[in-house]
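**Student:** Sharing upload.cif here; it has mmCIF, C-alpha atoms and all ligand atoms.
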```cif
data_upload
loop_
_atom_site.label_atom_id
_atom_site.label_comp_id
_atom_site.auth_asym_id
_atom_site.auth_seq_id
_atom_site.Cartn_x
_atom_site.Cartn_y
_atom_site.Cartn_z
CA MET D 1 -166.35 24.42 -169.75
CA VAL D 2 -168.84 27.21 -169.25
CA LEU D 3 -171.01 25.63 -171.87
CA SER D 4 -170.93 22.14 -170.41
CA ALA D 5 -171.78 23.53 -166.96
CA LEU D 6 -174.69 25.31 -168.56
CA LEU D 7 -175.79 22.19 -170.32
CA LEU D 8 -175.59 20.12 -167.19
CA ALA D 9 -177.87 22.60 -165.50
CA THR D 10 -180.58 22.17 -168.14
CA ALA D 11 -183.39 19.72 -167.94
CA ALA D 12 -181.84 17.65 -170.71
CA PRO D 13 -182.09 13.93 -170.14
CA VAL D 14 -179.01 12.50 -168.56
CA ARG D 15 -177.22 10.15 -170.82
CA VAL D 16 -173.80 8.94 -171.69
CA ALA D 17 -172.72 8.84 -175.29
CA GLN D 18 -171.02 5.50 -175.38
CA ALA D 19 -167.86 5.22 -177.41
CA ASP D 20 -169.74 3.65 -180.22
CA GLN D 21 -168.39 0.62 -181.95
CA ASN D 22 -170.30 0.92 -185.19
CA GLY D 23 -169.22 4.34 -186.28
CA THR D 24 -172.74 5.68 -185.84
CA ASP D 25 -173.37 9.06 -184.34
CA GLY D 26 -174.72 9.68 -180.88
CA GLN D 27 -177.93 10.89 -182.52
CA GLU D 28 -178.70 7.28 -183.40
CA GLU D 29 -179.61 6.66 -179.78
CA THR D 30 -182.69 8.82 -180.11
CA GLY D 31 -183.51 7.76 -183.65
CA MET D 32 -183.68 11.47 -184.58
CA SER D 33 -181.29 13.52 -186.65
CA THR D 34 -179.77 16.54 -184.97
CA ALA D 35 -181.78 18.77 -187.30
CA ASP D 36 -184.96 16.96 -186.19
CA ILE D 37 -184.01 17.45 -182.57
CA LEU D 38 -183.42 21.14 -183.11
CA GLN D 39 -186.64 21.50 -185.07
CA SER D 40 -188.57 19.66 -182.42
CA ALA D 41 -187.01 21.72 -179.63
CA CYS D 42 -187.68 25.02 -181.41
CA THR D 43 -191.31 24.18 -182.11
CA GLY D 44 -191.86 22.98 -178.60
CA GLY D 45 -192.35 19.37 -179.58
CA VAL D 46 -193.08 17.37 -176.47
CA GLU D 47 -192.57 13.81 -177.67
CA SER D 48 -188.80 14.12 -177.62
CA GLY D 49 -188.59 16.00 -174.37
CA MET D 50 -185.68 17.90 -175.88
CA THR D 51 -184.70 21.42 -174.99
CA ALA D 52 -182.99 23.79 -177.40
CA ALA D 53 -179.89 23.59 -175.23
CA TYR D 54 -179.92 19.84 -175.50
CA ALA D 55 -180.40 20.05 -179.26
CA ALA D 56 -177.43 22.41 -179.55
CA GLU D 57 -175.40 20.01 -177.47
CA ALA D 58 -176.45 17.07 -179.65
CA MET D 59 -175.38 18.97 -182.76
CA ARG D 60 -172.03 19.78 -181.21
CA TYR D 61 -171.70 16.12 -180.29
CA ALA D 62 -172.53 15.00 -183.87
CA SER D 63 -169.89 17.27 -185.35
CA GLY D 64 -167.30 16.05 -182.84
CA LEU D 65 -166.91 19.34 -181.01
CA ILE D 66 -167.62 17.65 -177.71
CA CYS D 67 -166.80 14.06 -176.92
CA VAL D 68 -169.72 13.23 -174.62
CA THR D 69 -173.15 14.71 -174.24
CA SER D 70 -174.55 15.44 -170.77
CA HIS D 71 -173.16 12.78 -168.56
CA ASP D 72 -173.18 11.78 -164.96
CA GLY D 73 -169.42 11.81 -164.57
CA SER D 74 -169.15 8.06 -164.33
CA LEU D 75 -166.98 7.63 -167.42
CA SER D 76 -163.73 5.86 -166.70
CA LYS D 77 -160.54 7.41 -168.08
CA THR D 78 -160.40 4.69 -170.73
CA GLN D 79 -163.99 5.32 -171.77
CA PHE D 80 -163.28 9.03 -171.89
CA LEU D 81 -160.20 8.39 -174.07
CA SER D 82 -162.23 6.25 -176.41
CA ALA D 83 -165.00 8.88 -176.58
CA SER D 84 -162.36 11.55 -177.26
CA LEU D 85 -160.98 9.60 -180.20
CA ASP D 86 -164.48 9.10 -181.58
CA ALA D 87 -165.15 12.82 -181.22
CA ALA D 88 -161.87 13.63 -182.96
CA ASN D 89 -162.85 11.38 -185.87
CA ARG D 90 -166.30 12.96 -186.05
CA THR D 91 -164.69 16.39 -186.54
CA VAL D 92 -162.80 14.95 -189.52
CA LYS D 93 -165.92 13.41 -191.06
CA SER D 94 -167.89 16.57 -190.53
CA ALA D 95 -165.17 18.83 -192.02
CA LEU D 96 -164.79 16.58 -195.05
CA ASN D 97 -168.48 16.64 -195.79
CA LEU D 98 -167.65 18.95 -198.70
CA ASP D 99 -170.27 20.81 -200.62
CA THR D 100 -169.33 20.00 -204.20
CA ALA D 101 -172.35 21.57 -205.91
CA ASP D 102 -170.16 24.16 -207.66
CA PHE D 103 -167.87 21.39 -208.87
CA GLU D 104 -170.83 19.45 -210.27
CA GLU D 105 -171.84 22.62 -212.11
CA SER D 106 -168.39 23.28 -213.51
CA ILE D 107 -168.08 19.78 -215.03
CA GLN D 108 -171.23 20.03 -217.16
CA PRO D 109 -171.50 18.49 -219.71
CA PHE D 110 -169.69 15.50 -218.32
CA ASP D 111 -169.84 11.89 -219.43
CA ALA D 112 -168.80 9.69 -216.52
CA ALA D 113 -168.39 6.69 -218.82
CA VAL D 114 -165.81 8.39 -221.02
CA TYR D 115 -162.26 8.78 -219.71
CA ASP D 116 -161.67 11.63 -222.14
CA SER D 117 -164.35 13.59 -220.31
CA TYR D 118 -162.24 13.43 -217.14
CA ALA D 119 -159.17 14.69 -219.01
CA ARG D 120 -161.15 17.56 -220.58
CA HIS D 121 -161.99 18.63 -217.03
CA ALA D 122 -158.46 18.23 -215.69
CA ALA D 123 -158.49 21.79 -214.34
CA ASP D 124 -161.76 21.21 -212.44
CA PHE D 125 -160.47 17.96 -210.97
CA GLU D 126 -157.24 19.73 -210.02
CA ALA D 127 -159.24 22.36 -208.16
CA LEU D 128 -161.32 19.68 -206.44
CA ALA D 129 -158.19 17.71 -205.50
CA GLN D 130 -156.65 20.80 -203.92
CA ARG D 131 -159.84 21.46 -202.00
CA MET D 132 -159.84 17.89 -200.73
CA ASN D 133 -156.18 18.10 -199.73
CA ALA D 134 -156.74 21.37 -197.90
CA ALA D 135 -159.88 20.03 -196.18
CA VAL D 136 -158.00 16.94 -194.96
CA GLN D 137 -155.15 19.09 -193.63
CA SER D 138 -157.44 21.49 -191.85
CA ALA D 139 -159.74 18.75 -190.50
CA SER D 140 -156.74 16.84 -189.18
CA GLY D 141 -155.51 19.98 -187.45
CA ASP D 142 -158.91 20.55 -185.80
CA CYS D 143 -159.01 16.92 -184.85
CA MET D 144 -155.62 17.07 -183.10
CA ARG D 145 -156.50 20.30 -181.24
CA LEU D 146 -159.72 18.75 -179.97
CA LEU D 147 -158.00 15.56 -178.94
CA SER D 148 -155.24 17.39 -177.13
CA ARG D 149 -157.77 19.57 -175.25
CA ASN D 150 -159.82 16.54 -174.20
CA LEU D 151 -156.81 14.52 -173.13
CA ARG D 152 -155.38 17.41 -171.13
CA GLU D 153 -158.71 17.55 -169.30
CA ALA D 154 -158.47 13.82 -168.57
CA GLY D 155 -154.80 13.98 -167.63
CA VAL D 156 -153.70 11.60 -170.37
CA ALA D 157 -150.39 12.37 -172.09
CA LEU D 158 -150.53 12.96 -175.83
CA LEU D 159 -147.26 11.91 -177.41
CA SER D 160 -146.07 13.34 -180.67
CA GLY D 161 -147.55 12.01 -183.89
CA GLY D 162 -147.55 13.57 -187.32
CA ARG D 163 -150.51 14.60 -189.37
CA PRO D 164 -151.46 12.81 -192.59
CA GLN D 165 -149.81 14.29 -195.67
CA ILE D 166 -152.28 14.05 -198.49
CA SER D 167 -151.65 15.34 -202.00
CA LEU D 168 -154.18 13.93 -204.43
CA THR D 169 -153.48 14.86 -208.06
CA TRP D 170 -156.23 15.63 -210.58
CA ARG D 171 -155.77 12.18 -212.10
CA GLU D 172 -156.19 10.49 -208.72
CA CYS D 173 -159.16 12.68 -207.89
CA ALA D 174 -160.72 11.91 -211.29
CA ALA D 175 -160.06 8.17 -210.94
CA LEU D 176 -161.68 8.16 -207.48
CA TYR D 177 -164.61 10.12 -208.89
CA CYS D 178 -164.90 7.54 -211.67
CA ALA D 179 -165.25 4.76 -209.08
CA PHE D 180 -167.19 6.58 -206.33
CA GLY D 181 -168.95 9.52 -207.97
CA GLY D 182 -170.71 11.81 -205.50
CA GLU D 183 -169.54 9.62 -202.60
CA LEU D 184 -165.99 10.84 -203.22
CA ASP D 185 -165.81 13.06 -200.12
CA LYS D 186 -167.12 10.25 -197.91
CA ILE D 187 -164.52 7.83 -199.20
CA VAL D 188 -161.74 10.36 -198.58
CA ALA D 189 -163.16 11.04 -195.10
CA SER D 190 -163.25 7.35 -194.26
CA ALA D 191 -159.58 7.03 -195.22
CA ASP D 192 -158.66 9.94 -192.94
CA GLU D 193 -159.09 7.97 -189.77
CA LEU D 194 -157.28 8.59 -186.50
CA SER D 195 -156.47 5.77 -184.13
CA ALA D 196 -154.10 5.65 -181.20
CA GLU D 197 -151.42 3.47 -179.72
CA GLY D 198 -150.79 3.28 -175.99
CA GLY D 199 -153.23 3.82 -173.14
CA VAL D 200 -154.32 6.05 -170.29
CA SER D 201 -151.33 5.24 -168.08
CA SER D 202 -148.58 5.30 -170.72
CA GLY D 203 -150.04 8.14 -172.76
CA ILE D 204 -151.19 7.76 -176.35
CA THR D 205 -149.55 8.30 -179.73
CA PRO D 206 -151.93 9.31 -182.51
CA VAL D 207 -151.74 7.17 -185.65
CA TRP D 208 -153.23 8.34 -188.93
CA ALA D 209 -154.28 6.01 -191.72
CA ASN D 210 -152.09 6.34 -194.80
CA PRO D 211 -154.09 8.71 -197.06
CA SER D 212 -152.62 7.41 -200.33
CA PHE D 213 -154.73 6.96 -203.47
CA GLU D 214 -154.61 3.21 -203.01
CA THR D 215 -155.78 3.36 -199.37
CA ILE D 216 -158.61 5.71 -200.24
CA ALA D 217 -159.67 3.61 -203.24
CA SER D 218 -159.65 0.50 -201.03
CA GLY D 219 -162.40 2.00 -198.86
CA GLY D 220 -165.22 0.77 -201.13
CA THR D 221 -165.84 -2.53 -202.89
CA ARG D 222 -163.12 -4.53 -204.65
CA GLU D 223 -164.68 -3.61 -208.00
CA GLN D 224 -164.54 0.09 -207.13
CA LEU D 225 -160.88 -0.29 -206.18
CA PHE D 226 -160.06 -1.84 -209.56
CA GLU D 227 -162.23 0.61 -211.45
CA ALA D 228 -160.29 3.46 -209.81
CA LYS D 229 -156.95 1.78 -210.55
CA PHE D 230 -157.85 1.17 -214.20
CA ALA D 231 -159.00 4.77 -214.61
CA LEU D 232 -155.81 6.11 -213.00
CA ALA D 233 -153.55 3.95 -215.21
CA TYR D 234 -155.48 5.10 -218.27
CA LEU D 235 -155.31 8.79 -217.32
CA LYS D 236 -151.56 8.48 -216.63
CA THR D 237 -150.98 6.74 -219.97
CA VAL D 238 -153.06 8.71 -222.42
CA TYR D 239 -152.92 12.30 -221.08
CA ASN D 240 -150.37 14.90 -220.11
CA ASP D 241 -150.52 16.79 -216.82
CA ASP D 242 -152.70 19.48 -218.39
CA GLY D 243 -155.19 16.94 -219.76
CA SER D 244 -154.00 17.13 -223.38
CA ARG D 245 -153.26 13.91 -225.28
CA ALA D 246 -149.79 12.54 -224.57
CA ALA D 247 -147.50 11.48 -227.41
CA ASP D 248 -147.45 7.72 -227.90
CA GLU D 249 -143.84 6.67 -227.38
CA THR D 250 -142.40 3.17 -227.69
CA TYR D 251 -141.33 1.85 -224.31
CA LEU D 252 -137.96 0.10 -224.29
CA TYR D 253 -137.88 -2.85 -221.91
CA ASP D 254 -134.67 -3.77 -220.16
CA GLU D 255 -132.86 -6.58 -221.97
CA ASN D 256 -132.69 -8.74 -218.84
CA TYR D 257 -136.36 -8.17 -218.14
CA LEU D 258 -137.26 -9.39 -221.65
CA LYS D 259 -135.74 -12.80 -220.82
CA THR D 260 -138.28 -13.26 -218.03
CA VAL D 261 -141.33 -13.15 -220.33
CA ALA D 262 -142.98 -16.00 -222.30
CA HIS D 263 -145.96 -16.41 -224.66
CA PRO D 264 -149.22 -16.87 -222.72
CA LEU D 265 -150.86 -18.82 -225.60
CA PRO D 266 -147.93 -20.54 -227.35
CA GLY D 267 -148.37 -20.38 -231.14
CA GLY D 268 -151.16 -17.78 -230.93
CA LYS D 269 -150.81 -14.80 -233.29
CA ILE D 270 -150.17 -11.56 -231.43
CA LYS D 271 -151.95 -8.55 -232.88
CA ASP D 272 -150.90 -4.94 -232.49
CA SER D 273 -154.14 -3.17 -231.66
CA TRP D 274 -152.71 -0.58 -229.26
CA TYR D 275 -154.89 2.54 -229.08
CA ALA D 276 -157.57 1.13 -231.39
CA PRO D 277 -160.95 2.66 -230.46
CA ARG D 278 -162.99 0.53 -228.06
CA SER D 279 -166.37 0.54 -226.31
CA HIS D 280 -168.09 2.63 -229.00
CA ASN D 281 -165.14 5.02 -229.22
CA THR D 282 -165.33 5.94 -225.55
CA ARG D 283 -161.80 4.75 -224.83
CA LEU D 284 -158.63 3.57 -226.55
CA HIS D 285 -157.45 -0.01 -226.46
CA THR D 286 -154.57 -0.24 -224.01
CA GLY D 287 -153.54 -3.83 -224.61
CA THR D 288 -152.90 -6.59 -227.12
CA ASP D 289 -155.31 -9.27 -228.35
CA ILE D 290 -154.48 -12.85 -229.20
CA HIS D 291 -157.20 -14.89 -230.90
CA ALA D 292 -157.63 -18.54 -229.89
CA SER D 293 -160.40 -21.10 -229.68
CA ALA D 294 -162.64 -21.37 -226.64
CA LYS D 295 -161.10 -22.91 -223.53
CA THR D 296 -157.48 -22.79 -224.81
CA PRO D 297 -155.30 -22.85 -221.68
CA ILE D 298 -153.91 -19.41 -220.77
CA LEU D 299 -150.41 -19.64 -219.30
CA SER D 300 -148.84 -17.03 -217.09
CA ALA D 301 -146.30 -15.05 -219.14
CA THR D 302 -144.19 -14.47 -216.03
CA ASP D 303 -143.57 -15.62 -212.50
CA GLY D 304 -145.60 -13.61 -210.03
CA THR D 305 -148.29 -13.24 -207.43
CA VAL D 306 -152.02 -13.33 -208.17
CA LEU D 307 -153.53 -9.95 -207.22
CA TYR D 308 -157.08 -10.46 -208.43
CA VAL D 309 -159.44 -13.14 -209.73
CA GLY D 310 -162.93 -11.94 -210.61
CA TYR D 311 -165.38 -10.35 -212.99
CA MET D 312 -166.11 -6.80 -214.14
CA PRO D 313 -168.26 -5.66 -217.08
CA ILE D 314 -165.47 -4.60 -219.49
CA PRO D 315 -162.68 -7.11 -218.71
CA GLY D 316 -165.17 -9.94 -218.19
CA ASN D 317 -163.63 -12.74 -216.14
CA PHE D 318 -160.07 -11.73 -215.48
CA VAL D 319 -156.90 -12.37 -213.53
CA ILE D 320 -154.16 -9.89 -212.55
CA ILE D 321 -150.64 -11.09 -211.83
CA LEU D 322 -147.87 -8.91 -210.40
CA ASP D 323 -144.41 -10.06 -211.52
CA PRO D 324 -141.28 -9.81 -209.34
CA TYR D 325 -140.18 -6.62 -211.15
CA GLY D 326 -143.34 -4.64 -210.44
CA TYR D 327 -145.08 -5.12 -213.81
CA GLU D 328 -148.76 -6.10 -213.68
CA TYR D 329 -150.19 -8.47 -216.28
CA HIS D 330 -153.94 -8.32 -216.83
CA TYR D 331 -155.56 -11.29 -218.59
CA TYR D 332 -159.11 -10.49 -219.78
CA HIS D 333 -162.24 -12.18 -221.19
CA MET D 334 -161.61 -15.62 -219.64
CA TYR D 335 -164.15 -18.39 -220.13
CA GLU D 336 -165.13 -18.50 -216.46
CA ILE D 337 -163.98 -16.96 -213.19
CA SER D 338 -160.67 -18.75 -212.98
CA THR D 339 -160.47 -21.71 -210.64
CA PHE D 340 -156.88 -22.39 -211.74
CA VAL D 341 -155.42 -19.79 -209.37
CA THR D 342 -156.48 -17.99 -206.20
CA GLU D 343 -155.65 -14.49 -204.98
CA GLY D 344 -152.39 -14.22 -203.09
CA GLU D 345 -151.02 -17.40 -204.65
CA SER D 346 -147.55 -17.47 -206.28
CA VAL D 347 -147.47 -18.63 -209.88
CA THR D 348 -144.60 -19.68 -212.07
CA GLN D 349 -144.16 -18.84 -215.73
CA GLY D 350 -146.05 -21.28 -217.96
CA GLN D 351 -148.52 -22.28 -215.23
CA GLN D 352 -152.15 -22.37 -216.40
CA ILE D 353 -154.11 -19.46 -214.95
CA GLY D 354 -157.37 -19.72 -216.91
CA ARG D 355 -159.04 -20.55 -220.24
CA VAL D 356 -159.76 -18.42 -223.30
CA GLY D 357 -163.29 -17.05 -223.34
CA CYS D 358 -165.43 -14.25 -224.73
CA THR D 359 -166.76 -12.56 -221.59
CA GLY D 360 -167.05 -8.83 -220.93
CA ASN D 361 -166.52 -6.40 -223.82
CA SER D 362 -165.63 -9.07 -226.40
CA ASP D 363 -167.31 -10.55 -229.50
CA VAL D 364 -164.82 -13.29 -230.40
CA PHE D 365 -162.92 -15.82 -228.35
CA HIS D 366 -159.58 -14.21 -227.55
CA LEU D 367 -157.18 -13.26 -224.79
CA HIS D 368 -156.59 -9.59 -224.09
CA ILE D 369 -153.37 -8.77 -222.26
CA SER D 370 -152.57 -5.45 -220.64
CA VAL D 371 -149.25 -4.66 -219.01
CA VAL D 372 -148.94 -1.92 -216.39
CA SER D 373 -145.48 -0.53 -215.58
CA PRO D 374 -144.18 -0.10 -212.03
CA GLU D 375 -144.97 3.63 -212.51
CA GLY D 376 -148.62 2.75 -213.13
CA LYS D 377 -148.84 3.34 -216.89
CA TYR D 378 -150.20 0.94 -219.50
CA LEU D 379 -147.49 -0.33 -221.85
CA ASN D 380 -148.02 -1.83 -225.30
CA PRO D 381 -147.61 -5.61 -224.81
CA TYR D 382 -147.04 -5.98 -228.57
CA ASP D 383 -143.78 -4.01 -228.20
CA LEU D 384 -142.88 -6.27 -225.29
CA PHE D 385 -143.35 -9.43 -227.34
CA VAL D 386 -141.52 -7.97 -230.36
CA GLN D 387 -138.57 -6.88 -228.21
CA ALA D 388 -138.54 -10.26 -226.47
CA GLY D 389 -138.58 -12.05 -229.84
CA ILE D 390 -141.80 -13.88 -228.97
CA GLY D 391 -144.11 -14.50 -231.98
CA PRO D 392 -145.86 -15.25 -234.20
CA PHE D 393 -147.39 -11.89 -235.06
CA GLU D 394 -150.57 -11.12 -236.91
CA THR D 395 -150.05 -8.68 -239.76
CA ASP D 396 -153.25 -7.61 -241.46
ZN ZN Z 1 -158.33 -6.26 -226.14
#
```
Rewrite the structure of this file - the entire thing - as structure tokens.

**Tutor:**
Amino acid sequence: MVLSALLLATAAPVRVAQADQNGTDGQEETGMSTADILQSACTGGVESGMTAAYAAEAMRYASGLICVTSHDGSLSKTQFLSASLDAANRTVKSALNLDTADFEESIQPFDAAVYDSYARHAADFEALAQRMNAAVQSASGDCMRLLSRNLREAGVALLSGGRPQISLTWRECAALYCAFGGELDKIVASADELSAEGGVSSGITPVWANPSFETIASGGTREQLFEAKFALAYLKTVYNDDGSRAADETYLYDENYLKTVAHPLPGGKIKDSWYAPRSHNTRLHTGTDIHASAKTPILSATDGTVLYVGYMPIPGNFVIILDPYGYEYHYYHMYEISTFVTEGESVTQGQQIGRVGCTGNSDVFHLHISVVSPEGKYLNPYDLFVQAGIGPFETD
């Protein structure tokens, strides 16, 4: 209060920081960064007309510590509420702008293209995950304190609402790093978003975005989401909690479940190539290959819902289908981006979902199938077909 009175008494230009719709900071209005403003003010720059007090205010505004910069008092309660929410979210973004230089140092040498490199640095990723979790908790606390102070000032009731509970594991942190690299903190910050239900007359209830791995990973492109999901499934499958290699155990499928599965390329020989080295030994093969000639129809092995139709460098053109029991079937290397199915569509077992191709990391025409369990681990599809009595099998 003392500070804002002081600021209002300065010669700072009068302006209202509009509740901005684009997520940009108030500093955008001047086209100068807060550091530029401060620099300009301290060196007596005249072009901006800024005072040091104004620069300090602008910096406080940018970090969310105040919800409006010098204003003429004409903000309506609703505008003030909206500005308060924006300010609260800016405190979160600013607190989650983590300095990860020491982390970058501790993971040298690190090969971002090799999953094993992530597992070797499990302890570093664990430390980073804990830092992220703590930063989210503390930023959310600051955010709520600021919001409650601003709303009290405006006479708007703040109804109870919990804080986000985030607990990223090292595998999740590593998988997000795999997809987002140095932008990891920004992607976590963008998932830690506060909104509100209600209004100035009824009071507002704060609502936090769900800070789960999946929500965070969804904050970038679709390819980044799937890259993160693939990395997480791989890290869960191949490594123990401490980053050491997990024992390869045969998964036993439920007898009733086995009856719901069929051959995706009837007559095609199924080859057990589980854990064979792939991509120049940078990762293990977590699926089964079935050779077939170009454009052979690929049939869905199960009923299900189409989760994804698209292209990525390693899978090539691929389709993901989620069956009614929570198992995901990934069909890789298709001839073209499938036009046989669309995302969100329901498919029935035996329905054509694509054609055999040789796209992505593939040198011969074949279908690669991966199966991911409801717990998010890759399972050996060869075991599935053997247990289901679906052949023929290729024995070399
Ligand atoms: Zn394969």

**Student:** Under the rule that all atoms listed in the file are counted, which of D:Ala292, D:Ala135, D:Ala191, D:Ile369 is the nearest residue to ligand ZN 1 (chain Z)?

**Tutor:**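 Using all atoms listed in the file, ligand ZN 1 (chain Z) sits closest to D:Ile369.
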
**Student:** I'd like the interatomic distance between atom CA of Arg131 of chain D and atom CA of Asp185 of chain D, to a tenth of an Å.

**Tutor:** 10.5 Å

**Student:** Which residue is closest to ligand ZN 1 (chain Z)? Choose from D:Leu379, D:Gly304, D:Thr288, D:Met312 and count only C-alpha atoms and all ligand atoms.

**Tutor:**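 Smallest separation from ligand ZN 1 (chain Z) among the options: D:Thr288.
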
**Student:** For Leu194 of chain D, which of D:Thr342, D:Ser273, D:Asn210, D:Ser76 is the closest residue, counting only C-alpha atoms?

**Tutor:**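 Among D:Thr342, D:Ser273, D:Asn210, D:Ser76, it is D:Asn210 that comes nearest to Leu194 of chain D.
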
**Student:** Against ligand ZN 1 (chain Z), which residues of chain D fall within 9 Å? For each one I want the closest pair of atoms and the distance in Å (one decimal), counting only C-alpha atoms and all ligand atoms, rows by chain and increasing residue number, as a tab-separated table.

**Tutor:**
```
residue	atom	partner	partner_atom	distance
D:Ser273	CA	Z:ZN1	ZN	7.6
D:Trp274	CA	Z:ZN1	ZN	8.6
D:Arg278	CA	Z:ZN1	ZN	8.5
D:His285	CA	Z:ZN1	ZN	6.3
D:Thr286	CA	Z:ZN1	ZN	7.4
D:Gly287	CA	Z:ZN1	ZN	5.6
D:Thr288	CA	Z:ZN1	ZN	5.5
D:Asp289	CA	Z:ZN1	ZN	4.8
D:Ile290	CA	Z:ZN1	ZN	8.2
D:Pro315	CA	Z:ZN1	ZN	8.7
D:Tyr332	CA	Z:ZN1	ZN	7.7
D:His333	CA	Z:ZN1	ZN	8.7
D:Asn361	CA	Z:ZN1	ZN	8.5
D:Ser362	CA	Z:ZN1	ZN	7.8
D:His366	CA	Z:ZN1	ZN	8.2
D:Leu367	CA	Z:ZN1	ZN	7.2
D:His368	CA	Z:ZN1	ZN	4.3
D:Ile369	CA	Z:ZN1	ZN	6.8
D:Ser370	CA	Z:ZN1	ZN	8.0
```
